[in-house]
$ cat model.pdb   # PDB, C-alpha atoms
ATOM      1  CA  MET F 467     -23.449 -13.656 -20.330  1.00  0.00           C
ATOM      2  CA  GLY F 468     -25.898 -11.107 -18.981  1.00  0.00           C
ATOM      3  CA  LEU F 469     -26.928 -10.812 -15.376  1.00  0.00           C
ATOM      4  CA  ASP F 470     -25.443 -14.129 -14.276  1.00  0.00           C
ATOM      5  CA  PHE F 471     -21.842 -12.897 -14.644  1.00  0.00           C
ATOM      6  CA  PRO F 472     -20.230 -13.928 -11.359  1.00  0.00           C
ATOM      7  CA  PHE F 473     -17.910 -10.979 -10.655  1.00  0.00           C
ATOM      8  CA  ASP F 474     -18.597  -7.364  -9.742  1.00  0.00           C
ATOM      9  CA  ILE F 475     -15.030  -6.112 -10.296  1.00  0.00           C
ATOM     10  CA  ILE F 476     -12.296  -7.209 -12.704  1.00  0.00           C
ATOM     11  CA  GLY F 477      -8.743  -6.061 -12.053  1.00  0.00           C
ATOM     12  CA  PHE F 478      -6.126  -5.921 -14.788  1.00  0.00           C
ATOM     13  CA  ASP F 479      -2.381  -5.693 -14.657  1.00  0.00           C
ATOM     14  CA  LEU F 480      -1.237  -3.109 -17.216  1.00  0.00           C
ATOM     15  CA  ASP F 481       2.070  -3.982 -18.901  1.00  0.00           C
ATOM     16  CA  GLY F 482       1.811  -7.301 -20.702  1.00  0.00           C
ATOM     17  CA  THR F 483      -1.823  -7.853 -19.761  1.00  0.00           C
ATOM     18  CA  LEU F 484      -4.125  -5.030 -20.807  1.00  0.00           C
ATOM     19  CA  VAL F 485      -1.592  -3.156 -22.951  1.00  0.00           C
ATOM     20  CA  ASP F 486       1.421  -4.289 -24.964  1.00  0.00           C
ATOM     21  CA  THR F 487       3.952  -1.734 -23.755  1.00  0.00           C
ATOM     22  CA  SER F 488       7.046  -3.677 -24.809  1.00  0.00           C
ATOM     23  CA  GLY F 489       7.992  -1.341 -27.659  1.00  0.00           C
ATOM     24  CA  ASP F 490       8.091   1.804 -25.539  1.00  0.00           C
ATOM     25  CA  LEU F 491       9.728   0.124 -22.543  1.00  0.00           C
ATOM     26  CA  THR F 492      12.410  -1.374 -24.801  1.00  0.00           C
ATOM     27  CA  ALA F 493      13.044   2.042 -26.335  1.00  0.00           C
ATOM     28  CA  ALA F 494      13.439   3.580 -22.858  1.00  0.00           C
ATOM     29  CA  VAL F 495      15.913   0.920 -21.711  1.00  0.00           C
ATOM     30  CA  ASN F 496      17.850   1.141 -24.968  1.00  0.00           C
ATOM     31  CA  HIS F 497      17.966   4.941 -24.707  1.00  0.00           C
ATOM     32  CA  VAL F 498      19.925   4.545 -21.469  1.00  0.00           C
ATOM     33  CA  LEU F 499      22.086   1.675 -22.747  1.00  0.00           C
ATOM     34  CA  GLU F 500      23.037   3.659 -25.837  1.00  0.00           C
ATOM     35  CA  SER F 501      24.013   6.627 -23.647  1.00  0.00           C
ATOM     36  CA  VAL F 502      26.577   4.462 -21.807  1.00  0.00           C
ATOM     37  CA  SER F 503      27.800   2.735 -24.988  1.00  0.00           C
ATOM     38  CA  ARG F 504      26.154  -0.603 -24.284  1.00  0.00           C
ATOM     39  CA  PRO F 505      24.671  -3.023 -26.813  1.00  0.00           C
ATOM     40  CA  LEU F 506      20.936  -2.608 -27.315  1.00  0.00           C
ATOM     41  CA  LEU F 507      18.445  -5.230 -26.172  1.00  0.00           C
ATOM     42  CA  SER F 508      15.637  -6.855 -28.125  1.00  0.00           C
ATOM     43  CA  PRO F 509      11.995  -6.483 -27.024  1.00  0.00           C
ATOM     44  CA  GLU F 510      11.990 -10.216 -26.254  1.00  0.00           C
ATOM     45  CA  THR F 511      14.804  -9.734 -23.726  1.00  0.00           C
ATOM     46  CA  VAL F 512      13.285  -6.637 -22.118  1.00  0.00           C
ATOM     47  CA  LYS F 513       9.871  -8.339 -21.820  1.00  0.00           C
ATOM     48  CA  GLN F 514      11.374 -10.837 -19.378  1.00  0.00           C
ATOM     49  CA  HIS F 515      12.381  -7.970 -17.055  1.00  0.00           C
ATOM     50  CA  ILE F 516       9.184  -5.903 -17.019  1.00  0.00           C
ATOM     51  CA  GLY F 517       7.018  -7.437 -14.288  1.00  0.00           C
ATOM     52  CA  GLY F 518       9.044  -6.206 -11.323  1.00  0.00           C
ATOM     53  CA  GLY F 519       8.804  -2.516 -12.136  1.00  0.00           C
ATOM     54  CA  ALA F 520      10.956   0.031 -13.968  1.00  0.00           C
ATOM     55  CA  LYS F 521      13.909   0.019 -11.580  1.00  0.00           C
ATOM     56  CA  LEU F 522      14.387  -3.740 -11.768  1.00  0.00           C
ATOM     57  CA  MET F 523      13.893  -3.644 -15.549  1.00  0.00           C
ATOM     58  CA  LEU F 524      16.752  -1.167 -15.968  1.00  0.00           C
ATOM     59  CA  GLN F 525      18.982  -2.949 -13.429  1.00  0.00           C
ATOM     60  CA  GLN F 526      18.596  -6.212 -15.311  1.00  0.00           C
ATOM     61  CA  GLY F 527      19.161  -4.485 -18.643  1.00  0.00           C
ATOM     62  CA  LEU F 528      22.428  -2.994 -17.382  1.00  0.00           C
ATOM     63  CA  GLU F 529      23.530  -6.262 -15.794  1.00  0.00           C
ATOM     64  CA  ALA F 530      22.830  -8.108 -19.042  1.00  0.00           C
ATOM     65  CA  THR F 531      25.124  -5.744 -20.957  1.00  0.00           C
ATOM     66  CA  GLY F 532      28.118  -5.451 -18.635  1.00  0.00           C
ATOM     67  CA  GLY F 533      26.931  -4.442 -15.169  1.00  0.00           C
ATOM     68  CA  ILE F 534      25.774  -1.276 -13.436  1.00  0.00           C
ATOM     69  CA  PRO F 535      28.334   1.551 -13.716  1.00  0.00           C
ATOM     70  CA  ASP F 536      29.723   2.491 -10.307  1.00  0.00           C
ATOM     71  CA  GLY F 537      27.522   5.056  -8.631  1.00  0.00           C
ATOM     72  CA  ASP F 538      25.672   5.749 -11.851  1.00  0.00           C
ATOM     73  CA  PHE F 539      22.380   3.934 -11.378  1.00  0.00           C
ATOM     74  CA  LYS F 540      20.261   6.769  -9.977  1.00  0.00           C
ATOM     75  CA  PRO F 541      20.976   9.247 -12.773  1.00  0.00           C
ATOM     76  CA  LEU F 542      20.493   6.521 -15.363  1.00  0.00           C
ATOM     77  CA  TYR F 543      17.199   5.545 -13.748  1.00  0.00           C
ATOM     78  CA  ARG F 544      16.018   9.173 -13.792  1.00  0.00           C
ATOM     79  CA  GLN F 545      17.126   9.425 -17.409  1.00  0.00           C
ATOM     80  CA  MET F 546      15.101   6.352 -18.340  1.00  0.00           C
ATOM     81  CA  LEU F 547      11.979   7.562 -16.521  1.00  0.00           C
ATOM     82  CA  GLY F 548      12.217  10.966 -18.188  1.00  0.00           C
ATOM     83  CA  TYR F 549      12.538   9.427 -21.629  1.00  0.00           C
ATOM     84  CA  TYR F 550       9.741   6.954 -20.981  1.00  0.00           C
ATOM     85  CA  GLU F 551       7.343   9.588 -19.675  1.00  0.00           C
ATOM     86  CA  ALA F 552       7.895  11.591 -22.868  1.00  0.00           C
ATOM     87  CA  HIS F 553       7.379   8.532 -25.095  1.00  0.00           C
ATOM     88  CA  VAL F 554       4.948   6.431 -23.035  1.00  0.00           C
ATOM     89  CA  SER F 555       2.441   5.717 -25.804  1.00  0.00           C
ATOM     90  CA  VAL F 556       4.389   5.832 -29.065  1.00  0.00           C
ATOM     91  CA  HIS F 557       4.126   2.088 -29.714  1.00  0.00           C
ATOM     92  CA  SER F 558       1.912   0.877 -26.837  1.00  0.00           C
ATOM     93  CA  ARG F 559      -1.542  -0.446 -27.718  1.00  0.00           C
ATOM     94  CA  PRO F 560      -4.178  -2.607 -25.999  1.00  0.00           C
ATOM     95  CA  PHE F 561      -3.805  -6.303 -26.716  1.00  0.00           C
ATOM     96  CA  ASP F 562      -6.050  -7.777 -29.387  1.00  0.00           C
ATOM     97  CA  GLY F 563      -9.523  -8.311 -27.963  1.00  0.00           C
ATOM     98  CA  ALA F 564      -8.968  -6.202 -24.839  1.00  0.00           C
ATOM     99  CA  LEU F 565     -11.258  -3.346 -25.842  1.00  0.00           C
ATOM    100  CA  ALA F 566     -14.062  -5.768 -26.743  1.00  0.00           C
ATOM    101  CA  VAL F 567     -13.802  -7.253 -23.240  1.00  0.00           C
ATOM    102  CA  LEU F 568     -14.026  -3.804 -21.642  1.00  0.00           C
ATOM    103  CA  ASP F 569     -17.052  -2.994 -23.810  1.00  0.00           C
ATOM    104  CA  ALA F 570     -18.737  -6.244 -22.732  1.00  0.00           C
ATOM    105  CA  LEU F 571     -18.017  -5.531 -19.063  1.00  0.00           C
ATOM    106  CA  ASP F 572     -19.519  -2.060 -19.499  1.00  0.00           C
ATOM    107  CA  GLU F 573     -22.665  -3.581 -20.981  1.00  0.00           C
ATOM    108  CA  MET F 574     -22.998  -5.908 -17.973  1.00  0.00           C
ATOM    109  CA  GLY F 575     -22.356  -3.140 -15.473  1.00  0.00           C
ATOM    110  CA  VAL F 576     -19.176  -4.826 -14.245  1.00  0.00           C
ATOM    111  CA  ARG F 577     -16.573  -2.410 -12.872  1.00  0.00           C
ATOM    112  CA  TYR F 578     -12.914  -2.788 -13.846  1.00  0.00           C
ATOM    113  CA  ALA F 579      -9.624  -1.258 -12.804  1.00  0.00           C
ATOM    114  CA  VAL F 580      -5.872  -1.344 -13.342  1.00  0.00           C
ATOM    115  CA  VAL F 581      -3.477  -2.496 -10.627  1.00  0.00           C
ATOM    116  CA  THR F 582       0.098  -2.190 -11.865  1.00  0.00           C
ATOM    117  CA  ASN F 583       3.665  -2.024 -10.597  1.00  0.00           C
ATOM    118  CA  LYS F 584       4.192   0.973 -12.888  1.00  0.00           C
ATOM    119  CA  PHE F 585       4.247   4.377 -11.170  1.00  0.00           C
ATOM    120  CA  GLU F 586       0.678   5.629 -10.920  1.00  0.00           C
ATOM    121  CA  SER F 587       1.458   8.823 -12.855  1.00  0.00           C
ATOM    122  CA  LEU F 588       2.887   6.855 -15.789  1.00  0.00           C
ATOM    123  CA  ALA F 589      -0.030   4.418 -15.763  1.00  0.00           C
ATOM    124  CA  VAL F 590      -2.521   7.299 -15.778  1.00  0.00           C
ATOM    125  CA  LYS F 591      -0.637   9.058 -18.595  1.00  0.00           C
ATOM    126  CA  LEU F 592      -0.510   5.918 -20.728  1.00  0.00           C
ATOM    127  CA  LEU F 593      -4.156   5.055 -20.184  1.00  0.00           C
ATOM    128  CA  THR F 594      -5.147   8.677 -20.827  1.00  0.00           C
ATOM    129  CA  ASP F 595      -3.211   8.689 -24.103  1.00  0.00           C
ATOM    130  CA  LEU F 596      -4.998   5.458 -25.085  1.00  0.00           C
ATOM    131  CA  ASN F 597      -8.391   6.983 -24.117  1.00  0.00           C
ATOM    132  CA  LEU F 598      -8.917   4.370 -21.411  1.00  0.00           C
ATOM    133  CA  ALA F 599      -8.239   6.180 -18.120  1.00  0.00           C
ATOM    134  CA  HIS F 600     -11.772   7.587 -17.781  1.00  0.00           C
ATOM    135  CA  ARG F 601     -13.224   4.074 -18.111  1.00  0.00           C
ATOM    136  CA  MET F 602     -11.374   2.696 -15.087  1.00  0.00           C
ATOM    137  CA  GLY F 603     -12.932   2.411 -11.648  1.00  0.00           C
ATOM    138  CA  CYS F 604      -9.463   3.237 -10.343  1.00  0.00           C
ATOM    139  CA  ILE F 605      -5.813   3.107 -11.406  1.00  0.00           C
ATOM    140  CA  LEU F 606      -3.380   1.922  -8.741  1.00  0.00           C
ATOM    141  CA  GLY F 607       0.377   2.042  -9.256  1.00  0.00           C
ATOM    142  CA  ALA F 608       3.377   0.685  -7.386  1.00  0.00           C
ATOM    143  CA  ASP F 609       3.636   3.967  -5.446  1.00  0.00           C
ATOM    144  CA  THR F 610      -0.069   4.561  -4.778  1.00  0.00           C
ATOM    145  CA  LEU F 611      -0.035   2.842  -1.381  1.00  0.00           C
ATOM    146  CA  GLY F 612       3.739   3.014  -0.830  1.00  0.00           C
ATOM    147  CA  LYS F 613       6.323   0.686  -2.337  1.00  0.00           C
ATOM    148  CA  GLU F 614       5.955  -1.840   0.485  1.00  0.00           C
ATOM    149  CA  ASN F 615       2.340  -2.304  -0.660  1.00  0.00           C
ATOM    150  CA  ALA F 616       3.064  -2.920  -4.356  1.00  0.00           C
ATOM    151  CA  LYS F 617       2.422  -6.352  -5.853  1.00  0.00           C
ATOM    152  CA  PRO F 618       3.003  -9.133  -4.761  1.00  0.00           C
ATOM    153  CA  SER F 619       1.280  -7.602  -1.723  1.00  0.00           C
ATOM    154  CA  GLY F 620      -2.460  -8.098  -1.740  1.00  0.00           C
ATOM    155  CA  ALA F 621      -2.931  -4.508  -0.522  1.00  0.00           C
ATOM    156  CA  PRO F 622      -3.566  -2.931  -3.947  1.00  0.00           C
ATOM    157  CA  ILE F 623      -6.137  -5.616  -4.786  1.00  0.00           C
ATOM    158  CA  PHE F 624      -7.978  -4.897  -1.525  1.00  0.00           C
ATOM    159  CA  GLU F 625      -7.750  -1.178  -2.307  1.00  0.00           C
ATOM    160  CA  MET F 626      -9.114  -1.758  -5.821  1.00  0.00           C
ATOM    161  CA  ILE F 627     -12.133  -3.569  -4.403  1.00  0.00           C
ATOM    162  CA  LYS F 628     -12.698  -0.764  -1.893  1.00  0.00           C
ATOM    163  CA  ARG F 629     -12.412   2.020  -4.477  1.00  0.00           C
ATOM    164  CA  CYS F 630     -14.699   0.182  -6.890  1.00  0.00           C
ATOM    165  CA  GLY F 631     -17.429  -0.067  -4.277  1.00  0.00           C
ATOM    166  CA  GLY F 632     -16.937  -3.614  -3.043  1.00  0.00           C
ATOM    167  CA  GLY F 633     -18.103  -6.958  -4.357  1.00  0.00           C
ATOM    168  CA  ARG F 634     -16.660 -10.136  -5.777  1.00  0.00           C
ATOM    169  CA  ALA F 635     -13.440  -9.583  -7.738  1.00  0.00           C
ATOM    170  CA  ALA F 636     -11.037 -11.433 -10.026  1.00  0.00           C
ATOM    171  CA  TYR F 637      -7.601 -10.356 -11.238  1.00  0.00           C
ATOM    172  CA  ILE F 638      -5.817 -10.888 -14.547  1.00  0.00           C
ATOM    173  CA  GLY F 639      -2.053 -10.609 -14.988  1.00  0.00           C
ATOM    174  CA  ASP F 640       1.029 -12.022 -16.649  1.00  0.00           C
ATOM    175  CA  SER F 641       3.590 -12.426 -13.852  1.00  0.00           C
ATOM    176  CA  ILE F 642       4.164 -14.270 -10.609  1.00  0.00           C
ATOM    177  CA  TYR F 643       3.774 -10.915  -8.828  1.00  0.00           C
ATOM    178  CA  ASP F 644       0.216 -10.714 -10.161  1.00  0.00           C
ATOM    179  CA  MET F 645      -0.726 -14.231  -9.118  1.00  0.00           C
ATOM    180  CA  MET F 646       0.778 -13.766  -5.653  1.00  0.00           C
ATOM    181  CA  ALA F 647      -1.062 -10.466  -5.184  1.00  0.00           C
ATOM    182  CA  ALA F 648      -4.346 -12.124  -6.122  1.00  0.00           C
ATOM    183  CA  LYS F 649      -3.660 -15.031  -3.785  1.00  0.00           C
ATOM    184  CA  ASN F 650      -2.686 -12.670  -0.966  1.00  0.00           C
ATOM    185  CA  ALA F 651      -5.999 -10.866  -1.476  1.00  0.00           C
ATOM    186  CA  SER F 652      -7.944 -14.147  -1.721  1.00  0.00           C
ATOM    187  CA  VAL F 653      -9.305 -13.409  -5.193  1.00  0.00           C
ATOM    188  CA  PRO F 654      -9.214 -15.777  -8.193  1.00  0.00           C
ATOM    189  CA  SER F 655      -6.470 -15.152 -10.730  1.00  0.00           C
ATOM    190  CA  VAL F 656      -6.148 -15.538 -14.490  1.00  0.00           C
ATOM    191  CA  ALA F 657      -2.760 -15.650 -16.229  1.00  0.00           C
ATOM    192  CA  ALA F 658      -2.405 -14.183 -19.726  1.00  0.00           C
ATOM    193  CA  SER F 659      -0.086 -16.449 -21.710  1.00  0.00           C
ATOM    194  CA  PHE F 660       0.379 -13.696 -24.320  1.00  0.00           C
ATOM    195  CA  GLY F 661       2.013 -11.409 -21.758  1.00  0.00           C
ATOM    196  CA  PHE F 662       5.593 -10.694 -20.758  1.00  0.00           C
ATOM    197  CA  LEU F 663       6.369 -14.080 -19.256  1.00  0.00           C
ATOM    198  CA  HIS F 664       9.435 -14.827 -17.133  1.00  0.00           C
ATOM    199  CA  GLY F 665       8.924 -18.593 -17.465  1.00  0.00           C
ATOM    200  CA  PRO F 666       6.233 -21.166 -18.250  1.00  0.00           C
ATOM    201  CA  VAL F 667       2.779 -19.713 -17.672  1.00  0.00           C
ATOM    202  CA  GLU F 668       1.772 -22.965 -15.976  1.00  0.00           C
ATOM    203  CA  ASP F 669       4.300 -22.291 -13.199  1.00  0.00           C
ATOM    204  CA  MET F 670       2.670 -19.059 -12.011  1.00  0.00           C
ATOM    205  CA  GLY F 671       0.038 -20.703  -9.855  1.00  0.00           C
ATOM    206  CA  ALA F 672      -2.901 -19.021 -11.565  1.00  0.00           C
ATOM    207  CA  ASP F 673      -6.408 -20.392 -11.155  1.00  0.00           C
ATOM    208  CA  ALA F 674      -6.877 -20.261 -14.930  1.00  0.00           C
ATOM    209  CA  ILE F 675      -4.913 -19.403 -18.090  1.00  0.00           C
ATOM    210  CA  ILE F 676      -6.047 -17.624 -21.242  1.00  0.00           C
ATOM    211  CA  ASP F 677      -4.240 -17.422 -24.586  1.00  0.00           C
ATOM    212  CA  HIS F 678      -6.327 -14.524 -25.956  1.00  0.00           C
ATOM    213  CA  PHE F 679      -8.734 -11.944 -24.578  1.00  0.00           C
ATOM    214  CA  ASP F 680     -11.523 -13.647 -26.526  1.00  0.00           C
ATOM    215  CA  GLU F 681     -11.397 -16.400 -23.877  1.00  0.00           C
ATOM    216  CA  LEU F 682     -11.557 -14.192 -20.792  1.00  0.00           C
ATOM    217  CA  LEU F 683     -15.285 -13.725 -20.186  1.00  0.00           C
ATOM    218  CA  ASP F 684     -16.116 -17.407 -20.594  1.00  0.00           C
ATOM    219  CA  CYS F 685     -13.127 -18.253 -18.388  1.00  0.00           C
ATOM    220  CA  LEU F 686     -14.324 -15.913 -15.637  1.00  0.00           C
ATOM    221  CA  LYS F 687     -17.876 -17.214 -15.891  1.00  0.00           C
ATOM    222  CA  SER F 688     -16.617 -20.774 -15.543  1.00  0.00           C
ATOM    223  CA  MET F 689     -14.402 -19.852 -12.577  1.00  0.00           C
ATOM    224  CA  GLY F 690     -17.251 -18.079 -10.850  1.00  0.00           C
ATOM    225  CA  SER F 691     -19.541 -21.073 -11.052  1.00  0.00           C
ATOM    226  CA  ASN F 692     -17.052 -23.405  -9.352  1.00  0.00           C
TER
END

$ encode --input "model.pdb" --output "structure tokens"
Amino acid sequence: MGLDFPFDIIGFDLDGTLVDTSGDLTAAVNHVLESVSRPLLSPETVKQHIGGGAKLMLQQGLEATGGIPDGDFKPLYRQMLGYYEAHVSVHSRPFDGALAVLDALDEMGVRYAVVTNKFESLAVKLLTDLNLAHRMGCILGADTLGKENAKPSGAPIFEMIKRCGGGRAAYIGDSIYDMMAAKNASVPSVAASFGFLHGPVEDMGADAIIDHFDELLDCLKSMGSN
């Protein structure tokens, strides 16, 4: 790979791309559902609701189990965030092969960052718990630039490039929000088929698709030479 690697900066979505957070997010949703005597949801169901952020994830979880109780969403949302913050890294781990990719990028001097629709504070806490935060060029959350500038806006991708010192960038994610953000920032996108998909990975409009992190560096090298 060496010096001919075509990108200076690699951006990663967090949930469902760099880290499998489905266990802890499912536990947080189910904590709220149990408190209002609702049936619990499987990780497979919750995974489909993750990409749009925590609020949408809980809304969809409540709607799937009988609807949102009248006037009760805000306290339930606060309850979920409090539980999740206290249990953010119980089950969450980097996807297989992710750490090897970060090590290889380090060796090549390629900067990398996280751009997520998670709150920045939760993203930083999770990545700190996993001993990854200090390795990131930056960590941008849904609230870092204001909610109007969360993905699918290209703003956080532009900000990532700026904070990482500029250069040619690519972005890896697992949702339509990720692919749209990359497109809106005019950077190439890679979809992770192992992520928390809402539908067929082929329908996301990504420039390339990977089924495992082992494929990412060769995929990026191929994309960069086109």

$ resolve_selection --input "model.pdb" --expression "the PyMOL selection byres ((chain F and resi 528) around 10)" --output "short mmCIF file (atom, residue, chain, number, x, y, z; two decimals) with C-alpha atoms, in the frame of the given file"
data_model
loop_
_atom_site.label_atom_id
_atom_site.label_comp_id
_atom_site.auth_asym_id
_atom_site.auth_seq_id
_atom_site.Cartn_x
_atom_site.Cartn_y
_atom_site.Cartn_z
CA VAL F 495 15.91 0.92 -21.71
CA ASN F 496 17.85 1.14 -24.97
CA VAL F 498 19.92 4.54 -21.47
CA LEU F 499 22.09 1.68 -22.75
CA VAL F 502 26.58 4.46 -21.81
CA ARG F 504 26.15 -0.60 -24.28
CA PRO F 505 24.67 -3.02 -26.81
CA LEU F 507 18.44 -5.23 -26.17
CA LEU F 522 14.39 -3.74 -11.77
CA MET F 523 13.89 -3.64 -15.55
CA LEU F 524 16.75 -1.17 -15.97
CA GLN F 525 18.98 -2.95 -13.43
CA GLN F 526 18.60 -6.21 -15.31
CA GLY F 527 19.16 -4.49 -18.64
CA GLU F 529 23.53 -6.26 -15.79
CA ALA F 530 22.83 -8.11 -19.04
CA THR F 531 25.12 -5.74 -20.96
CA GLY F 532 28.12 -5.45 -18.64
CA GLY F 533 26.93 -4.44 -15.17
CA ILE F 534 25.77 -1.28 -13.44
CA PRO F 535 28.33 1.55 -13.72
CA PHE F 539 22.38 3.93 -11.38
CA LEU F 542 20.49 6.52 -15.36
#

$ resolve_selection --input "model.pdb" --expression "the PyMOL selection byres ((chain F and resi 477) around 10)" --output "PyMOL selection string"
chain F and resi 475-476+478-480+484+577-582+602-605+623+626-627+635-639+648+655

$ residues_around --input "model.pdb" --residues "stretch 669-675 of chain F" --least-positions-apart "2" --cutoff "7 Å" --atoms "all atoms listed in the file" --output "ChimeraX atom specification"
/F:641-642,645,654-659,666-667,677

$ resolve_selection --input "model.pdb" --expression "the PyMOL selection byres ((chain F and resi 570) around 12)" --output "number ranges by chain"
F: 467-469, 471, 476, 563-569, 571-578, 679-680, 682-684

$ atom_distance --input "model.pdb" --atom1 "atom CA of F:Glu500" --atom2 "atom CA of F:Tyr543"
13.6 Å

$ closest_residue --input "model.pdb" --among "F:Gly620, F:Ala651, F:Gly519, F:Thr594" --to "F:Arg634" --atoms "all atoms listed in the file"
F:Ala651

$ decode --input "model.pdb" --residues "stretch 603-621 of chain F" --atoms "N, CA, C and O atoms" --output "PDB file, in the first residue's frame"
ATOM      1  N   GLY F 603      -8.441  11.980  14.473  1.00  0.00           N
ATOM      2  CA  GLY F 603      -8.130  13.360  14.126  1.00  0.00           C
ATOM      3  C   GLY F 603      -9.172  14.318  14.651  1.00  0.00           C
ATOM      4  O   GLY F 603      -8.862  15.451  15.032  1.00  0.00           O
ATOM      5  N   CYS F 604     -10.418  13.863  14.708  1.00  0.00           N
ATOM      6  CA  CYS F 604     -11.510  14.598  15.333  1.00  0.00           C
ATOM      7  C   CYS F 604     -12.686  13.652  15.500  1.00  0.00           C
ATOM      8  O   CYS F 604     -12.736  12.583  14.877  1.00  0.00           O
ATOM      9  N   ILE F 605     -13.616  14.034  16.356  1.00  0.00           N
ATOM     10  CA  ILE F 605     -14.854  13.276  16.575  1.00  0.00           C
ATOM     11  C   ILE F 605     -15.992  14.276  16.484  1.00  0.00           C
ATOM     12  O   ILE F 605     -16.115  15.185  17.314  1.00  0.00           O
ATOM     13  N   LEU F 606     -16.807  14.140  15.453  1.00  0.00           N
ATOM     14  CA  LEU F 606     -17.919  15.065  15.221  1.00  0.00           C
ATOM     15  C   LEU F 606     -19.234  14.333  15.429  1.00  0.00           C
ATOM     16  O   LEU F 606     -19.468  13.270  14.847  1.00  0.00           O
ATOM     17  N   GLY F 607     -20.102  14.916  16.258  1.00  0.00           N
ATOM     18  CA  GLY F 607     -21.407  14.334  16.522  1.00  0.00           C
ATOM     19  C   GLY F 607     -22.523  15.112  15.854  1.00  0.00           C
ATOM     20  O   GLY F 607     -22.296  16.130  15.192  1.00  0.00           O
ATOM     21  N   ALA F 608     -23.749  14.633  16.064  1.00  0.00           N
ATOM     22  CA  ALA F 608     -24.913  15.280  15.448  1.00  0.00           C
ATOM     23  C   ALA F 608     -25.079  16.713  15.945  1.00  0.00           C
ATOM     24  O   ALA F 608     -25.633  17.560  15.246  1.00  0.00           O
ATOM     25  N   ASP F 609     -24.616  16.989  17.160  1.00  0.00           N
ATOM     26  CA  ASP F 609     -24.790  18.315  17.766  1.00  0.00           C
ATOM     27  C   ASP F 609     -23.554  19.199  17.671  1.00  0.00           C
ATOM     28  O   ASP F 609     -23.586  20.352  18.105  1.00  0.00           O
ATOM     29  N   THR F 610     -22.471  18.694  17.096  1.00  0.00           N
ATOM     30  CA  THR F 610     -21.223  19.460  17.065  1.00  0.00           C
ATOM     31  C   THR F 610     -21.391  20.774  16.317  1.00  0.00           C
ATOM     32  O   THR F 610     -20.941  21.828  16.764  1.00  0.00           O
ATOM     33  N   LEU F 611     -22.043  20.717  15.165  1.00  0.00           N
ATOM     34  CA  LEU F 611     -22.231  21.906  14.328  1.00  0.00           C
ATOM     35  C   LEU F 611     -23.672  22.407  14.369  1.00  0.00           C
ATOM     36  O   LEU F 611     -24.044  23.278  13.592  1.00  0.00           O
ATOM     37  N   GLY F 612     -24.485  21.860  15.271  1.00  0.00           N
ATOM     38  CA  GLY F 612     -25.913  22.173  15.301  1.00  0.00           C
ATOM     39  C   GLY F 612     -26.691  21.136  14.534  1.00  0.00           C
ATOM     40  O   GLY F 612     -26.213  20.608  13.522  1.00  0.00           O
ATOM     41  N   LYS F 613     -27.900  20.814  15.009  1.00  0.00           N
ATOM     42  CA  LYS F 613     -28.634  19.676  14.447  1.00  0.00           C
ATOM     43  C   LYS F 613     -28.951  19.852  12.966  1.00  0.00           C
ATOM     44  O   LYS F 613     -29.099  18.862  12.238  1.00  0.00           O
ATOM     45  N   GLU F 614     -29.033  21.091  12.505  1.00  0.00           N
ATOM     46  CA  GLU F 614     -29.330  21.315  11.083  1.00  0.00           C
ATOM     47  C   GLU F 614     -28.132  20.924  10.211  1.00  0.00           C
ATOM     48  O   GLU F 614     -28.262  20.797   8.989  1.00  0.00           O
ATOM     49  N   ASN F 615     -26.969  20.748  10.838  1.00  0.00           N
ATOM     50  CA  ASN F 615     -25.760  20.376  10.103  1.00  0.00           C
ATOM     51  C   ASN F 615     -25.325  18.938  10.378  1.00  0.00           C
ATOM     52  O   ASN F 615     -24.188  18.572  10.106  1.00  0.00           O
ATOM     53  N   ALA F 616     -26.227  18.111  10.907  1.00  0.00           N
ATOM     54  CA  ALA F 616     -25.935  16.686  11.060  1.00  0.00           C
ATOM     55  C   ALA F 616     -26.099  16.007   9.703  1.00  0.00           C
ATOM     56  O   ALA F 616     -26.688  16.571   8.770  1.00  0.00           O
ATOM     57  N   LYS F 617     -25.561  14.791   9.582  1.00  0.00           N
ATOM     58  CA  LYS F 617     -25.801  14.030   8.347  1.00  0.00           C
ATOM     59  C   LYS F 617     -27.305  13.871   8.147  1.00  0.00           C
ATOM     60  O   LYS F 617     -28.016  13.666   9.118  1.00  0.00           O
ATOM     61  N   PRO F 618     -27.818  14.017   6.929  1.00  0.00           N
ATOM     62  CA  PRO F 618     -27.157  13.905   5.625  1.00  0.00           C
ATOM     63  C   PRO F 618     -26.500  15.187   5.091  1.00  0.00           C
ATOM     64  O   PRO F 618     -26.045  15.202   3.954  1.00  0.00           O
ATOM     65  N   SER F 619     -26.450  16.239   5.885  1.00  0.00           N
ATOM     66  CA  SER F 619     -25.708  17.428   5.453  1.00  0.00           C
ATOM     67  C   SER F 619     -24.248  17.066   5.208  1.00  0.00           C
ATOM     68  O   SER F 619     -23.674  16.223   5.905  1.00  0.00           O
ATOM     69  N   GLY F 620     -23.649  17.714   4.242  1.00  0.00           N
ATOM     70  CA  GLY F 620     -22.223  17.522   4.010  1.00  0.00           C
ATOM     71  C   GLY F 620     -21.352  18.316   4.961  1.00  0.00           C
ATOM     72  O   GLY F 620     -20.121  18.134   4.996  1.00  0.00           O
ATOM     73  N   ALA F 621     -21.971  19.177   5.788  1.00  0.00           N
ATOM     74  CA  ALA F 621     -21.205  20.073   6.665  1.00  0.00           C
ATOM     75  C   ALA F 621     -20.223  19.346   7.576  1.00  0.00           C
ATOM     76  O   ALA F 621     -19.067  19.785   7.715  1.00  0.00           O
TER      77      ALA F 621
END
